[in-house]
Amino acid sequence: MAMSPAVPRSSAPPRWQDYVQLLKPRVMSLVIFTAITGLVCANAPINPVLAGVAIFCIAVGAGASAAFNMWYDADIDAKMRRTRARPVPAGKVQGADALAMGAVLSLFSVMLLGMTTNWLAAGLLAFTIFFYAVVYTMWLKRSTPQNIVIGGLAGALPPVIGWAAATGTAPLNAWLLCAIIFMWTPPHFWALSLYTSEDYQKAGVPMMPVTAGAASTRKQILIYSLLFVPLCIVPAFTGLGGMTYLAVAALGGLVFLILAWRVFRSRAGETGGQRNDDGLYDVKASSKDARNLFAFSILYLTLLFATLLAEHLLDLPAVGVF
Amino acid sequence: MSEPTPDPTVEARARRGRNIALALGLVLFVVLVFVVTVVRLGGSVAHRPF
């Protein structure tokens, strides 16, 4: 059981910053951003106060999932350089406190979202928390190399929740935003895991490079990238994105494919290609292509959603083929 | 190997911190429910027949 590791107990009382870290604020910022995009793209009249509270609830729900994850994964987090400084493995916050915080924030966020907007949005938020905490963290993460592929659904749902909060419905365009994040997740995380697989191996997490090897992972990154980039173009033809979006998606997609091709041709993830310190971006020469794809994937997704957001806020015309 | 005994002073400070955070969280929840209720009911209450 994951909750039984012998984690050190700090002699100092936890600071409020430690509890903030339990909520994974960097992940939360991406959730807020994509949820706002979904809410704005819905083009529905919603009171700005209710919209603000809805986004707050989605953010708190994401934080609750993160707290559950930190409670359950404290044992493997303690073994990996990227995660060993997290509050629970570092002994700054007790696992039971993280669990309690996750439970309280889950109830708080789902109930308040339901009261503020509608129960479809609240139900989707509850499902997202359950999917991340139980399906991904407790089940998939330790049992299959497809963990981040299936588990990626939890990270992909916030724009649908935002859309549902504004309209009470979840139409095809909302699920298109979800599909883009879902297909983005494998090349993004596998690029990272190519140069951190040593850590995952040490922790016993069956990430793709650990179980299938680096060459197979590089091939799958390319395959997912070939599926992901055309999918990013689709919103321009469903009335969701405009000309600017089309240009950003096409040009950025081209760069994405070039970087994925370079990863495929590289020796990233082979022995000796591991990271050599605690930084996510400081890697040995053979893994630089994987590092570049990882970094660009974040930029590309941010650009796609920022463009959609800007087009809808500025009311720019859509391409409107359908 | 037995676990080190936690320092009672540190435990008490940690508990106090958690209690304050819980209190603030509850106050925030109440304020948000109040604001949401006012916003959602605002129009209906203002235009209700007397």
# chains A, B, ... in the order shown; residues from 1 in each chain; ligands from 1
$ residues_around --residues "region 26-35 of chain B" --least-positions-apart "2" --cutoff "8 Å" --atoms "only C-alpha atoms" --output "number ranges by chain"
A: 53, 108, 112; B: 22-24, 37-39
$ closest_atom_pairs --of "chain A" --to "chain B" --cutoff "9 Å" --atoms "only C-alpha atoms" --output "JSON lines"
{"residue": "A:Arg9", "atom": "CA", "partner": "B:Pro6", "partner_atom": "CA", "distance": 8.3}
{"residue": "A:Ser11", "atom": "CA", "partner": "B:Val10", "partner_atom": "CA", "distance": 7.0}
{"residue": "A:Ala12", "atom": "CA", "partner": "B:Val10", "partner_atom": "CA", "distance": 6.4}
{"residue": "A:Pro13", "atom": "CA", "partner": "B:Ala14", "partner_atom": "CA", "distance": 5.0}
{"residue": "A:Pro14", "atom": "CA", "partner": "B:Ala14", "partner_atom": "CA", "distance": 6.4}
{"residue": "A:Arg15", "atom": "CA", "partner": "B:Gly17", "partner_atom": "CA", "distance": 8.3}
{"residue": "A:Trp16", "atom": "CA", "partner": "B:Gly17", "partner_atom": "CA", "distance": 8.2}
{"residue": "A:Asn47", "atom": "CA", "partner": "B:Val39", "partner_atom": "CA", "distance": 8.0}
{"residue": "A:Val49", "atom": "CA", "partner": "B:Val39", "partner_atom": "CA", "distance": 7.7}
{"residue": "A:Leu50", "atom": "CA", "partner": "B:Val36", "partner_atom": "CA", "distance": 6.7}
{"residue": "A:Val53", "atom": "CA", "partner": "B:Leu32", "partner_atom": "CA", "distance": 7.7}
{"residue": "A:Phe108", "atom": "CA", "partner": "B:Phe29", "partner_atom": "CA", "distance": 7.7}
{"residue": "A:Leu112", "atom": "CA", "partner": "B:Val33", "partner_atom": "CA", "distance": 7.2}
{"residue": "A:Met115", "atom": "CA", "partner": "B:Val36", "partner_atom": "CA", "distance": 8.0}
{"residue": "A:Thr116", "atom": "CA", "partner": "B:Val36", "partner_atom": "CA", "distance": 6.1}
$ atom_distance --atom1 "CA of Trp71 (chain A)" --atom2 "CA of Gly95 (chain A)"
5.0 Å
$ select_by_dssp --residues "region 59-281 of chain A" --states "helix (DSSP H, G or I)" --output "ChimeraX atom specification"
/A:59-72,74-77,95-116,119-140,147-156,158-167,172-194,197-203,208-211,214-237,243-265
$ atom_distance --atom1 "CA of His188 (chain A)" --atom2 "CA of Tyr19 (chain A)"
27.2 Å
$ residues_around --residues "Glu311 (chain A)" --least-positions-apart "4" --cutoff "10 Å" --atoms "only C-alpha atoms" --output "list of chain:residue names"
A:Val40, A:Cys41, A:Leu240, A:Gly241, A:Gly242, A:Met243, A:Thr244, A:Tyr245, A:Phe305, A:Ala306, A:Thr307, A:Asp315, A:Leu316, A:Pro317, A:Ala318
$ atom_distance --atom1 "CA of Trp119 (chain A)" --atom2 "CA of Leu39 (chain A)"
15.4 Å
$ residues_around --residues "Leu125 (chain A)" --least-positions-apart "6" --cutoff "8 Å" --atoms "only C-alpha atoms" --output "list in words"
Ile58, Gly61, Val110, Pro158 and Ile161 of chain A
$ write_last_selection --atoms "C-alpha atoms" --output "CSV table (one decimal), in the first residue's frame"
chain,number,residue,atom,x,y,z
A,58,ILE,CA,-12.4,23.8,-11.1
A,61,GLY,CA,-10.9,20.4,-7.7
A,110,VAL,CA,-18.0,19.9,-6.5
A,158,PRO,CA,-11.2,21.0,-17.6
A,161,ILE,CA,-16.1,21.5,-17.4
$ decode --residues "region 125-156 of chain A" --atoms "N, CA and C atoms" --output "PDB file, in the first residue's frame"
ATOM      1  N   LEU A 125     -16.657  17.515 -12.945  1.00  0.00           N
ATOM      2  CA  LEU A 125     -15.542  17.807 -12.030  1.00  0.00           C
ATOM      3  C   LEU A 125     -15.328  16.645 -11.065  1.00  0.00           C
ATOM      4  N   ALA A 126     -16.425  16.100 -10.530  1.00  0.00           N
ATOM      5  CA  ALA A 126     -16.313  14.953  -9.614  1.00  0.00           C
ATOM      6  C   ALA A 126     -15.677  13.766 -10.329  1.00  0.00           C
ATOM      7  N   PHE A 127     -16.097  13.544 -11.582  1.00  0.00           N
ATOM      8  CA  PHE A 127     -15.536  12.432 -12.361  1.00  0.00           C
ATOM      9  C   PHE A 127     -14.042  12.652 -12.604  1.00  0.00           C
ATOM     10  N   THR A 128     -13.659  13.899 -12.885  1.00  0.00           N
ATOM     11  CA  THR A 128     -12.242  14.210 -13.140  1.00  0.00           C
ATOM     12  C   THR A 128     -11.394  13.920 -11.909  1.00  0.00           C
ATOM     13  N   ILE A 129     -11.887  14.348 -10.744  1.00  0.00           N
ATOM     14  CA  ILE A 129     -11.140  14.105  -9.498  1.00  0.00           C
ATOM     15  C   ILE A 129     -11.019  12.596  -9.256  1.00  0.00           C
ATOM     16  N   PHE A 130     -12.141  11.875  -9.416  1.00  0.00           N
ATOM     17  CA  PHE A 130     -12.131  10.423  -9.223  1.00  0.00           C
ATOM     18  C   PHE A 130     -11.172   9.756 -10.204  1.00  0.00           C
ATOM     19  N   PHE A 131     -11.226  10.185 -11.452  1.00  0.00           N
ATOM     20  CA  PHE A 131     -10.402   9.559 -12.494  1.00  0.00           C
ATOM     21  C   PHE A 131      -8.915   9.764 -12.197  1.00  0.00           C
ATOM     22  N   TYR A 132      -8.542  10.976 -11.793  1.00  0.00           N
ATOM     23  CA  TYR A 132      -7.126  11.251 -11.522  1.00  0.00           C
ATOM     24  C   TYR A 132      -6.653  10.542 -10.248  1.00  0.00           C
ATOM     25  N   ALA A 133      -7.473  10.632  -9.197  1.00  0.00           N
ATOM     26  CA  ALA A 133      -7.038  10.098  -7.901  1.00  0.00           C
ATOM     27  C   ALA A 133      -7.103   8.571  -7.856  1.00  0.00           C
ATOM     28  N   VAL A 134      -8.175   8.008  -8.379  1.00  0.00           N
ATOM     29  CA  VAL A 134      -8.372   6.552  -8.248  1.00  0.00           C
ATOM     30  C   VAL A 134      -7.892   5.807  -9.496  1.00  0.00           C
ATOM     31  N   VAL A 135      -8.455   6.170 -10.663  1.00  0.00           N
ATOM     32  CA  VAL A 135      -8.136   5.398 -11.877  1.00  0.00           C
ATOM     33  C   VAL A 135      -6.663   5.582 -12.271  1.00  0.00           C
ATOM     34  N   TYR A 136      -6.191   6.832 -12.302  1.00  0.00           N
ATOM     35  CA  TYR A 136      -4.793   7.052 -12.704  1.00  0.00           C
ATOM     36  C   TYR A 136      -3.816   6.746 -11.567  1.00  0.00           C
ATOM     37  N   THR A 137      -3.962   7.481 -10.451  1.00  0.00           N
ATOM     38  CA  THR A 137      -2.954   7.386  -9.378  1.00  0.00           C
ATOM     39  C   THR A 137      -2.912   6.002  -8.728  1.00  0.00           C
ATOM     40  N   MET A 138      -4.088   5.504  -8.344  1.00  0.00           N
ATOM     41  CA  MET A 138      -4.089   4.258  -7.568  1.00  0.00           C
ATOM     42  C   MET A 138      -4.013   3.011  -8.435  1.00  0.00           C
ATOM     43  N   TRP A 139      -4.465   3.108  -9.681  1.00  0.00           N
ATOM     44  CA  TRP A 139      -4.524   1.897 -10.485  1.00  0.00           C
ATOM     45  C   TRP A 139      -3.533   1.933 -11.652  1.00  0.00           C
ATOM     46  N   LEU A 140      -3.741   2.839 -12.612  1.00  0.00           N
ATOM     47  CA  LEU A 140      -2.972   2.780 -13.860  1.00  0.00           C
ATOM     48  C   LEU A 140      -1.490   3.074 -13.674  1.00  0.00           C
ATOM     49  N   LYS A 141      -1.164   4.057 -12.857  1.00  0.00           N
ATOM     50  CA  LYS A 141       0.214   4.553 -12.783  1.00  0.00           C
ATOM     51  C   LYS A 141       1.222   3.456 -12.465  1.00  0.00           C
ATOM     52  N   ARG A 142       0.836   2.526 -11.591  1.00  0.00           N
ATOM     53  CA  ARG A 142       1.772   1.477 -11.168  1.00  0.00           C
ATOM     54  C   ARG A 142       1.579   0.169 -11.917  1.00  0.00           C
ATOM     55  N   SER A 143       0.597   0.136 -12.842  1.00  0.00           N
ATOM     56  CA  SER A 143       0.293  -1.169 -13.429  1.00  0.00           C
ATOM     57  C   SER A 143       0.486  -1.260 -14.938  1.00  0.00           C
ATOM     58  N   THR A 144       0.516  -0.142 -15.656  1.00  0.00           N
ATOM     59  CA  THR A 144       0.602  -0.249 -17.112  1.00  0.00           C
ATOM     60  C   THR A 144       1.384   0.922 -17.712  1.00  0.00           C
ATOM     61  N   PRO A 145       2.145   0.658 -18.789  1.00  0.00           N
ATOM     62  CA  PRO A 145       2.836   1.760 -19.466  1.00  0.00           C
ATOM     63  C   PRO A 145       1.876   2.695 -20.209  1.00  0.00           C
ATOM     64  N   GLN A 146       0.595   2.283 -20.292  1.00  0.00           N
ATOM     65  CA  GLN A 146      -0.414   3.164 -20.905  1.00  0.00           C
ATOM     66  C   GLN A 146      -0.985   4.131 -19.862  1.00  0.00           C
ATOM     67  N   ASN A 147      -0.334   4.191 -18.676  1.00  0.00           N
ATOM     68  CA  ASN A 147      -0.856   5.011 -17.574  1.00  0.00           C
ATOM     69  C   ASN A 147      -1.150   6.452 -17.991  1.00  0.00           C
ATOM     70  N   ILE A 148      -0.184   7.094 -18.620  1.00  0.00           N
ATOM     71  CA  ILE A 148      -0.411   8.517 -18.925  1.00  0.00           C
ATOM     72  C   ILE A 148      -1.307   8.700 -20.155  1.00  0.00           C
ATOM     73  N   VAL A 149      -1.445   7.663 -20.980  1.00  0.00           N
ATOM     74  CA  VAL A 149      -2.334   7.768 -22.142  1.00  0.00           C
ATOM     75  C   VAL A 149      -3.783   7.829 -21.649  1.00  0.00           C
ATOM     76  N   ILE A 150      -4.171   6.830 -20.857  1.00  0.00           N
ATOM     77  CA  ILE A 150      -5.558   6.784 -20.354  1.00  0.00           C
ATOM     78  C   ILE A 150      -5.760   7.855 -19.270  1.00  0.00           C
ATOM     79  N   GLY A 151      -4.787   7.946 -18.371  1.00  0.00           N
ATOM     80  CA  GLY A 151      -4.887   8.912 -17.271  1.00  0.00           C
ATOM     81  C   GLY A 151      -4.930  10.350 -17.757  1.00  0.00           C
ATOM     82  N   GLY A 152      -4.449  10.568 -18.985  1.00  0.00           N
ATOM     83  CA  GLY A 152      -4.443  11.921 -19.553  1.00  0.00           C
ATOM     84  C   GLY A 152      -5.830  12.511 -19.670  1.00  0.00           C
ATOM     85  N   LEU A 153      -6.857  11.652 -19.629  1.00  0.00           N
ATOM     86  CA  LEU A 153      -8.235  12.152 -19.723  1.00  0.00           C
ATOM     87  C   LEU A 153      -8.541  13.135 -18.594  1.00  0.00           C
ATOM     88  N   ALA A 154      -7.989  12.859 -17.413  1.00  0.00           N
ATOM     89  CA  ALA A 154      -8.263  13.748 -16.275  1.00  0.00           C
ATOM     90  C   ALA A 154      -7.747  15.163 -16.553  1.00  0.00           C
ATOM     91  N   GLY A 155      -6.575  15.262 -17.155  1.00  0.00           N
ATOM     92  CA  GLY A 155      -6.010  16.575 -17.469  1.00  0.00           C
ATOM     93  C   GLY A 155      -6.684  17.231 -18.654  1.00  0.00           C
ATOM     94  N   ALA A 156      -7.413  16.417 -19.455  1.00  0.00           N
ATOM     95  CA  ALA A 156      -8.024  16.938 -20.678  1.00  0.00           C
ATOM     96  C   ALA A 156      -9.438  17.459 -20.456  1.00  0.00           C
TER      97      ALA A 156
END
